[in-house]
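Below: one structure, written as C-alpha coordinates.
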Amino acid sequence: MTTTTIEKTESQVTPAEATWDGLLFRPNVDILENEEELTVLADMPGTCSEDIDIQLENGTLTLYAKVRGRQSASQRYALNEYGIGDFQRTFRISQTIDTKKISAEYRNGVLTLHLPKTEQAKPRKIGVKAVK
Amino acid sequence: MLTSRYNEALPINRLRGAMHRLFEEVLEDSASSHSGHSQAATFPALNVWEDTSSVFVEAELPGLTLEDIEVLVTADELTVKGNRQGVMSEKQVYHRQERGTGAFSRTLRLPLSLSTDKVSATLRDGVLLVTIPKAEDVRPRKVEVKTLPA
(Lines give C-alpha, C1' and ligand atoms only; values in the text may rest on other atoms or scores of the structure.)
Protein backbone atom coordinates (compact mmCIF):
# COMPACT_ATOMS: atom_id res chain seq x y z
CA MET A 1 0.00 0.00 0.00
CA THR A 2 2.91 2.34 0.66
CA THR A 3 3.85 2.99 -2.93
CA THR A 4 4.56 6.60 -3.73
CA THR A 5 1.49 7.85 -5.45
CA ILE A 6 2.17 11.53 -5.66
CA GLU A 7 5.01 13.27 -7.36
CA LYS A 8 5.81 16.88 -7.33
CA THR A 9 6.08 18.39 -10.75
CA GLU A 10 7.43 21.83 -10.08
CA SER A 11 10.82 23.09 -9.02
CA GLN A 12 11.56 23.05 -5.34
CA VAL A 13 13.88 25.99 -4.94
CA THR A 14 11.58 28.87 -5.82
CA PRO A 15 9.21 29.72 -3.01
CA ALA A 16 8.04 32.88 -4.74
CA GLU A 17 7.66 33.63 -8.40
CA ALA A 18 6.63 36.93 -9.85
CA THR A 19 3.52 36.77 -12.01
CA TRP A 20 1.66 39.43 -13.83
CA ASP A 21 -0.45 40.29 -10.82
CA GLY A 22 1.85 39.68 -7.91
CA LEU A 23 3.75 36.98 -6.10
CA LEU A 24 2.99 33.29 -6.21
CA PHE A 25 4.01 31.04 -3.35
CA ARG A 26 4.33 27.31 -3.03
CA PRO A 27 2.42 26.24 0.09
CA ASN A 28 3.86 23.65 2.45
CA VAL A 29 1.82 20.47 2.35
CA ASP A 30 1.40 17.19 4.14
CA ILE A 31 0.10 14.29 2.08
CA LEU A 32 -1.24 11.28 3.93
CA GLU A 33 -2.75 8.05 2.77
CA ASN A 34 -4.87 5.44 4.44
CA GLU A 35 -6.93 2.63 3.00
CA GLU A 36 -9.83 4.90 2.16
CA GLU A 37 -8.31 8.09 0.83
CA LEU A 38 -5.45 10.46 0.19
CA THR A 39 -5.50 13.52 2.42
CA VAL A 40 -3.73 16.72 1.44
CA LEU A 41 -3.14 19.44 4.03
CA ALA A 42 -1.88 22.76 2.69
CA ASP A 43 -0.79 25.78 4.71
CA MET A 44 -2.53 28.69 3.03
CA PRO A 45 -2.89 31.44 5.59
CA GLY A 46 -4.87 34.57 4.85
CA THR A 47 -7.26 33.36 2.19
CA CYS A 48 -10.89 32.23 2.38
CA SER A 49 -12.86 29.27 1.05
CA GLU A 50 -14.38 31.32 -1.80
CA ASP A 51 -10.90 32.21 -3.09
CA ILE A 52 -9.58 28.64 -3.23
CA ASP A 53 -9.64 26.77 -6.50
CA ILE A 54 -8.97 23.03 -6.68
CA GLN A 55 -8.74 21.15 -9.96
CA LEU A 56 -8.09 17.53 -10.70
CA GLU A 57 -7.70 16.80 -14.35
CA ASN A 58 -5.97 13.85 -16.03
CA GLY A 59 -4.19 12.94 -12.83
CA THR A 60 -2.92 16.46 -12.21
CA LEU A 61 -4.06 18.10 -9.02
CA THR A 62 -3.75 21.87 -8.83
CA LEU A 63 -4.35 23.89 -5.70
CA TYR A 64 -4.67 27.62 -6.05
CA ALA A 65 -5.62 30.24 -3.49
CA LYS A 66 -5.97 33.94 -4.03
CA VAL A 67 -4.63 35.99 -1.15
CA ARG A 68 -5.84 39.54 -0.85
CA GLY A 69 -3.14 41.94 0.33
CA ARG A 70 -3.49 42.76 3.98
CA GLN A 71 -1.42 45.92 3.74
CA SER A 72 -1.21 48.36 0.90
CA ALA A 73 1.38 47.58 -1.77
CA SER A 74 3.36 50.66 -0.82
CA GLN A 75 3.53 49.69 2.84
CA ARG A 76 7.02 50.12 4.31
CA TYR A 77 8.04 47.55 6.88
CA ALA A 78 10.31 47.89 9.88
CA LEU A 79 10.82 44.13 9.57
CA ASN A 80 9.80 42.18 6.47
CA GLU A 81 10.52 38.48 6.76
CA TYR A 82 7.85 37.04 4.50
CA GLY A 83 6.01 38.07 1.41
CA ILE A 84 2.30 37.97 0.78
CA GLY A 85 0.87 36.57 -2.41
CA ASP A 86 -1.25 33.83 -3.96
CA PHE A 87 -0.58 30.16 -3.38
CA GLN A 88 -0.27 27.55 -6.08
CA ARG A 89 0.97 24.01 -6.22
CA THR A 90 0.59 21.13 -8.64
CA PHE A 91 0.84 17.40 -8.04
CA ARG A 92 0.61 14.34 -10.18
CA ILE A 93 -1.61 11.67 -8.73
CA SER A 94 -1.34 8.13 -9.98
CA GLN A 95 -3.97 6.68 -7.66
CA THR A 96 -7.46 6.39 -9.04
CA ILE A 97 -9.56 8.92 -7.19
CA ASP A 98 -13.32 8.90 -6.97
CA THR A 99 -13.69 12.44 -8.26
CA LYS A 100 -17.37 12.69 -7.33
CA LYS A 101 -16.55 12.21 -3.67
CA ILE A 102 -13.72 14.74 -3.34
CA SER A 103 -14.31 17.17 -0.50
CA ALA A 104 -12.34 20.06 0.95
CA GLU A 105 -12.52 22.36 3.91
CA TYR A 106 -10.62 25.48 4.95
CA ARG A 107 -10.04 26.14 8.60
CA ASN A 108 -7.54 28.34 10.48
CA GLY A 109 -5.53 28.94 7.34
CA VAL A 110 -5.18 25.27 6.40
CA LEU A 111 -6.82 23.62 3.41
CA THR A 112 -7.74 19.98 3.97
CA LEU A 113 -8.51 18.03 0.85
CA HIS A 114 -9.98 14.53 0.94
CA LEU A 115 -9.42 12.41 -2.15
CA PRO A 116 -11.29 9.13 -1.70
CA LYS A 117 -9.98 6.15 -3.63
CA THR A 118 -12.20 4.34 -6.04
CA GLU A 119 -13.45 0.93 -4.91
CA GLN A 120 -11.04 -0.79 -7.30
CA ALA A 121 -8.06 1.04 -5.82
CA LYS A 122 -8.78 0.11 -2.22
CA PRO A 123 -6.82 -2.78 -0.82
CA ARG A 124 -8.86 -5.94 -0.57
CA LYS A 125 -8.31 -8.75 1.79
CA ILE A 126 -8.33 -12.08 0.04
CA GLY A 127 -9.59 -14.87 2.19
CA VAL A 128 -7.56 -18.04 2.04
CA LYS A 129 -9.51 -21.21 2.52
CA ALA A 130 -7.99 -24.25 3.99
CA VAL A 131 -8.35 -27.23 1.66
CA LYS A 132 -8.69 -30.58 3.33
CA MET B 1 10.90 21.43 11.30
CA LEU B 2 9.11 24.74 11.21
CA THR B 3 9.50 26.80 8.12
CA SER B 4 7.89 29.86 6.71
CA ARG B 5 7.80 31.79 3.49
CA TYR B 6 10.62 34.29 3.47
CA ASN B 7 10.40 37.32 1.30
CA GLU B 8 12.89 36.26 -1.36
CA ALA B 9 13.08 39.77 -2.74
CA LEU B 10 15.08 41.00 0.23
CA PRO B 11 18.87 40.62 -0.12
CA ILE B 12 19.28 39.37 3.46
CA ASN B 13 16.65 36.70 2.91
CA ARG B 14 18.10 35.74 -0.45
CA LEU B 15 21.42 35.25 1.27
CA ARG B 16 19.79 33.31 4.07
CA GLY B 17 17.94 31.16 1.56
CA ALA B 18 21.14 30.45 -0.37
CA MET B 19 23.01 29.62 2.83
CA HIS B 20 20.21 27.41 3.99
CA ARG B 21 20.11 25.52 0.70
CA LEU B 22 23.87 25.15 0.80
CA PHE B 23 23.79 23.72 4.29
CA GLU B 24 20.83 21.57 3.48
CA GLU B 25 22.78 20.02 0.63
CA VAL B 26 25.91 19.51 2.71
CA LEU B 27 24.19 18.27 5.81
CA GLU B 28 21.28 16.53 4.18
CA ASP B 29 21.84 13.09 5.64
CA SER B 30 23.55 13.61 8.96
CA ALA B 31 22.29 16.73 10.62
CA SER B 32 18.62 17.23 9.91
CA SER B 33 18.05 17.92 13.60
CA HIS B 34 20.64 20.69 13.50
CA SER B 35 19.03 22.59 10.63
CA GLY B 36 15.66 22.02 12.23
CA HIS B 37 16.88 23.78 15.33
CA SER B 38 18.16 26.85 13.51
CA GLN B 39 14.87 27.18 11.66
CA ALA B 40 12.77 26.88 14.77
CA ALA B 41 14.56 29.92 16.19
CA THR B 42 13.18 32.07 13.37
CA PHE B 43 9.66 30.76 13.38
CA PRO B 44 7.30 32.37 12.98
CA ALA B 45 8.53 34.87 10.40
CA LEU B 46 7.34 38.35 11.28
CA ASN B 47 6.31 41.44 9.40
CA VAL B 48 6.40 44.62 11.45
CA TRP B 49 5.17 48.05 10.45
CA GLU B 50 3.74 51.15 12.04
CA ASP B 51 1.38 53.99 11.52
CA THR B 52 1.12 57.19 13.53
CA SER B 53 -0.73 55.57 16.43
CA SER B 54 0.38 51.92 16.60
CA VAL B 55 2.98 49.32 15.80
CA PHE B 56 1.71 46.16 14.08
CA VAL B 57 3.32 42.73 14.23
CA GLU B 58 1.97 40.07 11.87
CA ALA B 59 2.80 36.37 11.69
CA GLU B 60 1.43 33.48 9.66
CA LEU B 61 0.44 30.60 11.93
CA PRO B 62 -1.71 28.28 9.82
CA GLY B 63 -3.45 25.48 11.66
CA LEU B 64 -3.28 27.15 15.04
CA THR B 65 -6.14 28.37 17.16
CA LEU B 66 -6.04 31.00 19.90
CA GLU B 67 -5.76 28.21 22.46
CA ASP B 68 -2.49 27.06 20.86
CA ILE B 69 -0.89 30.51 20.87
CA GLU B 70 0.46 32.66 23.67
CA VAL B 71 1.27 36.31 23.12
CA LEU B 72 3.32 37.69 26.00
CA VAL B 73 4.22 41.34 26.41
CA THR B 74 6.60 42.92 28.86
CA ALA B 75 7.70 46.56 28.93
CA ASP B 76 10.15 46.06 26.07
CA GLU B 77 9.59 42.57 24.62
CA LEU B 78 6.90 40.80 22.66
CA THR B 79 6.94 37.01 22.62
CA VAL B 80 4.82 34.81 20.37
CA LYS B 81 4.89 31.17 21.38
CA GLY B 82 2.84 28.09 20.78
CA ASN B 83 2.72 24.51 19.72
CA ARG B 84 1.49 23.00 16.47
CA GLN B 85 0.16 19.49 16.77
CA GLY B 86 0.82 16.85 14.17
CA VAL B 87 -2.04 15.22 12.30
CA MET B 88 -0.63 11.71 12.16
CA SER B 89 -2.97 8.98 13.20
CA GLU B 90 -2.74 5.23 12.98
CA LYS B 91 -3.13 3.47 9.67
CA GLN B 92 -1.86 6.51 7.80
CA VAL B 93 1.36 6.89 5.90
CA TYR B 94 3.03 10.14 4.96
CA HIS B 95 3.92 10.71 1.33
CA ARG B 96 5.06 14.20 2.10
CA GLN B 97 5.54 16.07 5.33
CA GLU B 98 6.53 19.69 4.99
CA ARG B 99 4.29 21.35 7.55
CA GLY B 100 6.30 21.75 10.70
CA THR B 101 5.05 20.62 14.07
CA GLY B 102 6.16 21.17 17.61
CA ALA B 103 6.79 24.06 19.96
CA PHE B 104 8.02 27.45 18.80
CA SER B 105 8.81 30.74 20.44
CA ARG B 106 9.98 34.04 19.08
CA THR B 107 10.80 37.22 20.93
CA LEU B 108 10.97 40.70 19.47
CA ARG B 109 12.54 43.70 21.19
CA LEU B 110 10.22 46.65 21.32
CA PRO B 111 11.09 50.31 21.55
CA LEU B 112 10.23 51.61 25.00
CA SER B 113 7.80 54.20 23.77
CA LEU B 114 4.90 51.78 23.32
CA SER B 115 1.93 51.34 25.62
CA THR B 116 2.36 47.62 26.07
CA ASP B 117 -0.53 47.48 28.53
CA LYS B 118 -2.97 48.12 25.66
CA VAL B 119 -1.84 45.39 23.28
CA SER B 120 -4.51 43.54 21.29
CA ALA B 121 -4.18 40.44 19.12
CA THR B 122 -6.42 38.80 16.54
CA LEU B 123 -6.09 35.50 14.72
CA ARG B 124 -7.91 35.10 11.45
CA ASP B 125 -7.43 32.39 8.84
CA GLY B 126 -4.05 31.53 10.30
CA VAL B 127 -2.78 35.12 10.38
CA LEU B 128 -1.92 36.61 13.76
CA LEU B 129 -1.97 40.39 14.06
CA VAL B 130 -0.71 42.05 17.23
CA THR B 131 -1.45 45.74 17.61
CA ILE B 132 0.62 47.72 20.09
CA PRO B 133 -0.45 51.34 20.54
CA LYS B 134 2.27 53.95 20.74
CA ALA B 135 2.62 55.96 23.93
CA GLU B 136 0.90 59.33 23.74
CA ASP B 137 4.15 61.29 23.91
CA VAL B 138 5.63 59.78 20.73
CA ARG B 139 2.59 60.22 18.49
CA PRO B 140 3.03 63.04 16.06
CA ARG B 141 1.34 66.16 17.29
CA LYS B 142 0.10 68.90 15.12
CA VAL B 143 1.73 72.16 15.99
CA GLU B 144 -0.21 75.31 15.35
CA VAL B 145 1.73 77.85 13.39
CA LYS B 146 0.79 81.36 14.25
CA THR B 147 1.45 84.38 12.18
CA LEU B 148 3.24 86.98 14.15
CA PRO B 149 1.84 90.46 13.88
CA ALA B 150 4.13 92.59 11.85
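Numbering starts fresh at 1 for the residues of each chain in the C-alpha coordinates, the chains themselves are lettered A, B, ... in the order given, and ligands are numbered from 1 as they appear.
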
What are the residues of chain B that have an atom within 8 Å of an atom of chain A, counting only C-alpha atoms, as an MDAnalysis selection string? chainID B and resid 4:8 13 45:50 60:65 91:99 124:127

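Here atom CA of Thr90 of chain A is placed at a distance of 9.4 Å from atom CA of Gln55 of chain A.
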
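Note that atom CA of Gly102 of chain B and atom CA of Asp76 of chain B are 26.6 Å apart.
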
Among B:Thr52, B:Leu114, B:Glu90, B:Leu66, Leu78 of chain B is approached most closely, using only C-alpha atoms, by B:Leu114
